[in-house]
$ cat coords_5.txt   # compact mmCIF, C-alpha atoms
# COMPACT_ATOMS: atom_id res chain seq x y z
CA MET A 17 32.34 -77.60 -70.04
CA TYR A 18 30.65 -74.20 -70.06
CA LEU A 19 33.07 -72.66 -72.59
CA SER A 20 34.37 -74.65 -75.53
CA VAL A 21 36.66 -73.21 -78.21
CA GLU A 22 36.81 -75.68 -81.08
CA ASN A 23 39.42 -75.56 -83.86
CA VAL A 24 39.42 -71.78 -84.13
CA SER A 25 41.71 -70.04 -86.61
CA TYR A 26 42.10 -66.36 -87.43
CA SER A 27 44.54 -64.33 -89.52
CA TYR A 28 45.26 -60.67 -90.13
CA GLY A 29 46.08 -60.69 -93.83
CA ASN A 30 49.06 -63.02 -94.22
CA VAL A 31 49.73 -63.13 -90.48
CA MET A 32 48.19 -66.15 -88.79
CA ALA A 33 47.15 -65.13 -85.27
CA LEU A 34 45.43 -68.37 -84.24
CA GLN A 35 45.86 -71.79 -85.78
CA ASP A 36 43.35 -74.53 -85.00
CA VAL A 37 43.02 -73.49 -81.33
CA SER A 38 40.89 -75.60 -79.00
CA LEU A 39 40.36 -75.19 -75.26
CA SER A 40 37.62 -75.38 -72.66
CA ALA A 41 36.68 -73.92 -69.29
CA SER A 42 34.10 -74.83 -66.67
CA LEU A 43 32.01 -72.76 -64.29
CA GLY A 44 33.73 -72.32 -60.94
CA GLU A 45 37.13 -72.47 -62.61
CA ILE A 46 39.91 -70.00 -63.40
CA THR A 47 41.76 -70.61 -66.66
CA GLY A 48 44.99 -68.76 -67.38
CA VAL A 49 45.97 -68.13 -71.02
CA ILE A 50 49.68 -67.42 -71.12
CA GLY A 51 52.16 -66.61 -73.82
CA ALA A 52 54.51 -63.95 -75.13
CA ASN A 53 53.36 -60.81 -76.91
CA GLY A 54 52.08 -61.87 -80.32
CA ALA A 55 51.13 -65.37 -79.16
CA GLY A 56 47.47 -64.78 -80.05
CA LYS A 57 46.05 -64.17 -76.59
CA THR A 58 44.20 -60.94 -77.40
CA THR A 59 42.81 -62.32 -80.66
CA LEU A 60 41.46 -65.32 -78.77
CA MET A 61 39.83 -63.09 -76.16
CA LEU A 62 38.27 -60.88 -78.82
CA ILE A 63 36.78 -63.91 -80.55
CA ILE A 64 35.28 -65.32 -77.35
CA ALA A 65 33.86 -61.88 -76.52
CA ARG A 66 32.39 -61.68 -80.07
CA TYR A 67 34.41 -58.68 -81.20
CA LEU A 68 35.95 -60.85 -83.92
CA VAL A 69 34.39 -63.70 -85.90
CA PRO A 70 36.60 -66.80 -86.31
CA GLN A 71 37.52 -67.58 -89.89
CA SER A 72 37.20 -71.26 -89.13
CA GLY A 73 36.03 -73.21 -86.09
CA ASP A 74 33.54 -71.98 -83.51
CA VAL A 75 33.07 -71.06 -79.86
CA PHE A 76 30.31 -72.52 -77.70
CA LEU A 77 28.86 -71.31 -74.41
CA ASP A 78 26.64 -73.73 -72.54
CA GLY A 79 26.47 -75.88 -75.66
CA ARG A 80 25.34 -73.06 -77.97
CA SER A 81 27.44 -71.30 -80.56
CA ILE A 82 28.18 -67.75 -79.47
CA ARG A 83 26.70 -66.66 -82.81
CA GLN A 84 23.28 -67.87 -81.61
CA TRP A 85 23.15 -65.78 -78.44
CA ARG A 86 21.18 -62.53 -78.44
CA ASN A 87 23.26 -59.54 -77.36
CA GLU A 88 21.09 -58.93 -74.30
CA ASP A 89 21.49 -62.55 -73.18
CA PHE A 90 25.17 -63.07 -74.00
CA PRO A 91 26.65 -64.15 -70.63
CA VAL A 92 30.14 -62.72 -71.05
CA SER A 93 31.81 -59.71 -69.43
CA TYR A 94 35.03 -58.53 -71.03
CA ILE A 95 37.95 -56.51 -69.65
CA PRO A 96 40.01 -55.38 -72.68
CA ASP A 97 43.75 -54.82 -72.58
CA GLU A 98 43.18 -51.15 -73.47
CA PRO A 99 40.48 -49.35 -71.38
CA VAL A 100 37.55 -47.81 -73.27
CA PHE A 101 35.33 -45.14 -71.71
CA TYR A 102 32.79 -42.41 -72.31
CA GLU A 103 35.11 -39.43 -71.97
CA GLU A 104 32.31 -37.06 -70.89
CA LEU A 105 31.27 -39.22 -67.91
CA THR A 106 32.96 -39.13 -64.53
CA LEU A 107 34.15 -42.27 -62.77
CA LEU A 108 31.03 -42.32 -60.59
CA GLU A 109 28.75 -41.71 -63.57
CA HIS A 110 30.34 -44.66 -65.37
CA LEU A 111 29.57 -46.91 -62.42
CA HIS A 112 25.95 -45.76 -62.14
CA PHE A 113 25.41 -46.01 -65.91
CA VAL A 114 26.51 -49.65 -66.11
CA LYS A 115 24.71 -50.52 -62.87
CA ALA A 116 21.48 -49.16 -64.38
CA LEU A 117 21.93 -51.43 -67.40
CA TYR A 118 22.27 -54.52 -65.19
CA PRO A 119 20.03 -53.93 -62.15
CA LYS A 120 19.97 -57.63 -61.19
CA ASN A 121 23.71 -57.67 -60.52
CA VAL A 122 24.21 -57.81 -56.75
CA GLN A 123 27.57 -56.02 -56.85
CA ASP A 124 27.18 -52.67 -55.10
CA ILE A 125 28.85 -49.47 -56.27
CA GLU A 126 29.90 -48.42 -52.77
CA GLY A 127 31.82 -51.65 -52.31
CA LEU A 128 33.67 -51.12 -55.58
CA ILE A 129 34.54 -47.53 -54.70
CA GLU A 130 35.98 -48.60 -51.36
CA GLY A 131 37.70 -51.75 -52.60
CA PHE A 132 39.39 -50.03 -55.55
CA GLU A 133 40.19 -46.88 -53.55
CA PHE A 134 38.19 -44.60 -55.84
CA CYS A 135 37.02 -42.16 -53.15
CA ASP A 136 39.32 -39.33 -54.25
CA HIS A 137 38.57 -39.84 -57.95
CA ILE A 138 34.80 -40.27 -58.31
CA ASP A 139 34.30 -36.84 -59.95
CA LYS A 140 37.15 -37.20 -62.45
CA VAL A 141 36.64 -37.98 -66.14
CA PRO A 142 38.81 -40.83 -67.55
CA SER A 143 41.40 -38.50 -69.09
CA LEU A 144 42.23 -37.21 -65.60
CA LEU A 145 42.74 -40.67 -64.12
CA SER A 146 46.09 -42.41 -63.85
CA LYS A 147 46.72 -45.52 -65.94
CA GLY A 148 46.21 -47.69 -62.88
CA ASN A 149 42.89 -46.06 -62.00
CA ARG A 150 41.65 -46.38 -65.58
CA GLN A 151 42.49 -50.09 -65.44
CA LYS A 152 40.71 -50.46 -62.10
CA LEU A 153 37.64 -48.69 -63.48
CA MET A 154 37.47 -51.13 -66.42
CA ILE A 155 37.58 -54.02 -63.95
CA ALA A 156 34.87 -52.45 -61.78
CA LEU A 157 32.59 -51.88 -64.78
CA ALA A 158 33.03 -55.50 -65.87
CA LEU A 159 32.02 -56.69 -62.41
CA LEU A 160 28.79 -54.68 -62.60
CA ARG A 161 27.56 -56.54 -65.66
CA GLU A 162 25.58 -59.79 -65.61
CA TYR A 163 27.72 -62.71 -66.73
CA GLN A 164 28.64 -66.33 -66.30
CA ILE A 165 32.13 -65.94 -67.73
CA LEU A 166 34.54 -63.08 -67.10
CA ILE A 167 37.23 -62.56 -69.73
CA ALA A 168 40.19 -60.41 -68.71
CA ASP A 169 42.95 -59.50 -71.16
CA GLU A 170 46.12 -58.45 -69.30
CA PRO A 171 44.07 -57.21 -66.32
CA PHE A 172 47.05 -56.75 -63.98
CA THR A 173 48.84 -54.20 -66.16
CA GLY A 174 49.10 -50.86 -64.38
CA LEU A 175 48.00 -52.18 -60.99
CA ASP A 176 50.21 -51.74 -57.93
CA PRO A 177 50.92 -54.77 -55.67
CA ASN A 178 48.07 -53.89 -53.31
CA GLN A 179 45.55 -53.68 -56.13
CA ILE A 180 46.86 -56.87 -57.74
CA HIS A 181 46.22 -58.59 -54.41
CA HIS A 182 42.73 -57.06 -54.24
CA PHE A 183 41.84 -58.14 -57.78
CA LYS A 184 43.15 -61.67 -57.18
CA ASN A 185 40.81 -61.86 -54.17
CA ILE A 186 37.93 -60.72 -56.38
CA ILE A 187 38.78 -63.41 -58.93
CA THR A 188 38.83 -66.07 -56.22
CA GLU A 189 35.45 -64.88 -54.91
CA GLN A 190 34.00 -64.98 -58.42
CA ARG A 191 35.16 -68.58 -58.73
CA LYS A 192 33.43 -69.44 -55.45
CA MET A 193 30.25 -67.88 -56.88
CA GLY A 194 30.40 -70.36 -59.75
CA LYS A 195 31.66 -68.04 -62.46
CA ALA A 196 34.07 -69.11 -65.17
CA LEU A 197 37.09 -66.84 -65.47
CA LEU A 198 39.52 -66.61 -68.37
CA LEU A 199 42.67 -64.55 -67.71
CA SER A 200 45.18 -63.63 -70.37
CA THR A 201 48.57 -62.46 -69.13
CA HIS A 202 52.31 -62.64 -69.60
CA LEU A 203 52.88 -61.91 -65.87
CA LEU A 204 53.38 -65.54 -64.92
CA ASP A 205 54.40 -64.91 -61.32
CA VAL A 206 51.09 -63.13 -60.68
CA ILE A 207 48.89 -66.06 -61.72
CA ASP A 208 51.12 -68.88 -60.52
CA ASN A 209 48.91 -71.12 -58.35
CA LEU A 210 45.93 -68.80 -58.92
CA CYS A 211 44.43 -70.64 -61.87
CA ASP A 212 42.91 -74.11 -61.93
CA ARG A 213 44.13 -74.74 -65.47
CA TYR A 214 46.53 -73.10 -67.89
CA VAL A 215 46.68 -72.78 -71.66
CA ILE A 216 50.08 -72.05 -73.18
CA LEU A 217 49.87 -70.26 -76.53
CA HIS A 218 52.84 -69.80 -78.85
CA LYS A 219 52.62 -68.23 -82.30
CA GLY A 220 48.89 -68.88 -82.44
CA ARG A 221 49.04 -72.54 -81.44
CA VAL A 222 48.19 -74.32 -78.19
CA LEU A 223 51.37 -75.97 -76.90
CA ALA A 224 49.98 -77.20 -73.59
CA VAL A 225 46.77 -77.22 -71.60
CA GLY A 226 45.83 -78.48 -68.14
CA THR A 227 46.75 -78.02 -64.51
CA LYS A 228 50.36 -77.29 -63.63
CA LYS A 229 50.76 -80.95 -62.68
CA ASP A 230 49.19 -82.06 -65.95
CA ILE A 231 51.58 -79.91 -67.99
CA GLN A 232 54.59 -80.96 -65.92
CA ALA A 233 53.72 -84.61 -66.41
CA ALA A 234 53.13 -84.19 -70.15
CA PHE A 235 56.55 -82.57 -70.65
CA GLY A 236 58.46 -84.55 -68.03
CA ILE A 237 59.20 -81.46 -65.94
CA ALA A 238 60.23 -81.86 -62.29
CA GLN A 239 57.66 -81.17 -59.58
CA ALA A 240 57.66 -78.05 -57.38
CA THR A 241 58.53 -75.85 -60.32
CA SER A 242 57.20 -72.33 -60.86
CA LEU A 243 54.85 -71.54 -63.72
CA GLU A 244 57.52 -69.29 -65.18
CA ALA A 245 60.08 -72.13 -65.14
CA ILE A 246 57.58 -74.49 -66.77
CA TYR A 247 56.81 -71.98 -69.50
CA LEU A 248 60.47 -71.20 -70.21
CA ASP A 249 61.29 -74.93 -70.32
CA ILE A 250 58.52 -75.57 -72.89
CA MET A 251 59.59 -72.56 -74.98
CA LYS A 252 63.21 -73.73 -74.94
CA ARG A 253 62.20 -77.19 -76.16
CA GLY A 254 60.13 -75.62 -78.94
CA GLU A 255 63.18 -73.75 -80.24
CA LYS A 256 65.22 -76.92 -80.68

$ encode --input "coords_5.txt" --output "structure tokens"
Amino acid sequence: MYLSVENVSYSYGNVMALQDVSLSASLGEITGVIGANGAGKTTLMLIIARYLVPQSGDVFLDGRSIRQWRNEDFPVSYIPDEPVFYEELTLLEHLHFVKALYPKNVQDIEGLIEGFEFCDHIDKVPSLLSKGNRQKLMIALALLREYQILIADEPFTGLDPNQIHHFKNIITEQRKMGKALLLSTHLLDVIDNLCDRYVILHKGRVLAVGTKKDIQAAFGIAQATSLEAIYLDIMKRGEK
């Protein structure tokens, strides 16, 4: 496994966000992390991206603790749930700035501008962009970095159906290129049958992990069931 999260816990004061969480992901694989708001998805993403340090447990990439990687070599690109920009730079300047930092990345700026329909917005600063365009810009900037694993926290929020379709195609292409992708979302219909494996988080704990078939078999759920139905079934059992 390229990514291995081992017995990670984290709390905000008296609120336990993650409790003894373990999961793994391989290169050439899409892993979906699903759960309700407050399940711990964002905290998990922040820990893997090294924005937070786990209070117990550790995270390993390619067999090395993420604490041992130098910043310039850390092979992770992160799309946060809330976009962050340099407010004085235009959309196009953002793209060129990040491209200059990672010149070996083969992703071309022109392709991103066309694919994300940025042509009418390249001279706008972030504050003048719509929520959807700000989200698309964060995705584009993440794709310009050099990485082996792409972490995306609620990446579909603010995207219209056409752009959701476009981003799903990008994700699939990244998988074909041998990247590991970790997607956090509560939009279960969007990632149904997109991911190779799923991790179901609830109140900071892992309730289930595996392919849809693995999870269905583990919980005795009938075949040909949607991801949403599987999730709701597991949540209902947990409330009993």

$ closest_residue --input "coords_5.txt" --among "A:Glu109, A:Asp78, A:Glu189, A:Asp36" --to "Leu19 in chain A" --atoms "only C-alpha atoms"
A:Asp78

$ atom_distance --input "coords_5.txt" --atom1 "CA of Leu107 in chain A" --atom2 "CA of Val141 in chain A"
6.0 Å

$ atom_distance --input "coords_5.txt" --atom1 "CA of Leu153 in chain A" --atom2 "CA of Lys120 in chain A"
19.9 Å

$ closest_residue --input "coords_5.txt" --among "A:Gly194, A:Gly73, A:Gly220, A:Gly48" --to "Tyr163 in chain A" --atoms "all atoms listed in the file"
A:Gly194

$ atom_distance --input "coords_5.txt" --atom1 "CA of Val21 in chain A" --atom2 "CA of Ser38 in chain A"
4.9 Å

$ axis_aligned_box --input "coords_5.txt" --around "range 177-182 of chain A" --padding-each-side "3 Å" --output "lines of an AutoDock Vina configuration file"
center_x = 46.8
center_y = -56.1
center_z = -55.5
size_x = 14.2
size_y = 10.9
size_z = 10.4

$ residues_around --input "coords_5.txt" --residues "Gln84 in chain A" --least-positions-apart "5" --cutoff "12 Å" --atoms "all atoms listed in the file" --output "number ranges by chain"
A: 66, 74-79, 89-90

$ residues_around --input "coords_5.txt" --residues "Gly127 in chain A" --least-positions-apart "5" --cutoff "12 Å" --atoms "all atoms listed in the file" --output "compact mmCIF listing (two decimals) with C-alpha atoms, keeping the file's coordinate frame"
# COMPACT_ATOMS: atom_id res chain seq x y z
CA LEU A 111 29.57 -46.91 -62.42
CA VAL A 122 24.21 -57.81 -56.75
CA PHE A 132 39.39 -50.03 -55.55
CA GLU A 133 40.19 -46.88 -53.55
CA PHE A 134 38.19 -44.60 -55.84
CA CYS A 135 37.02 -42.16 -53.15
CA ALA A 156 34.87 -52.45 -61.78
CA LEU A 159 32.02 -56.69 -62.41
CA LEU A 160 28.79 -54.68 -62.60
CA ILE A 186 37.93 -60.72 -56.38

$ residues_near_point --input "coords_5.txt" --point "(33.2, -78.9, -73.0)" --cutoff "8 Å" --atoms "all atoms listed in the file" --output "ChimeraX atom specification"
/A:17-20,40-42,79
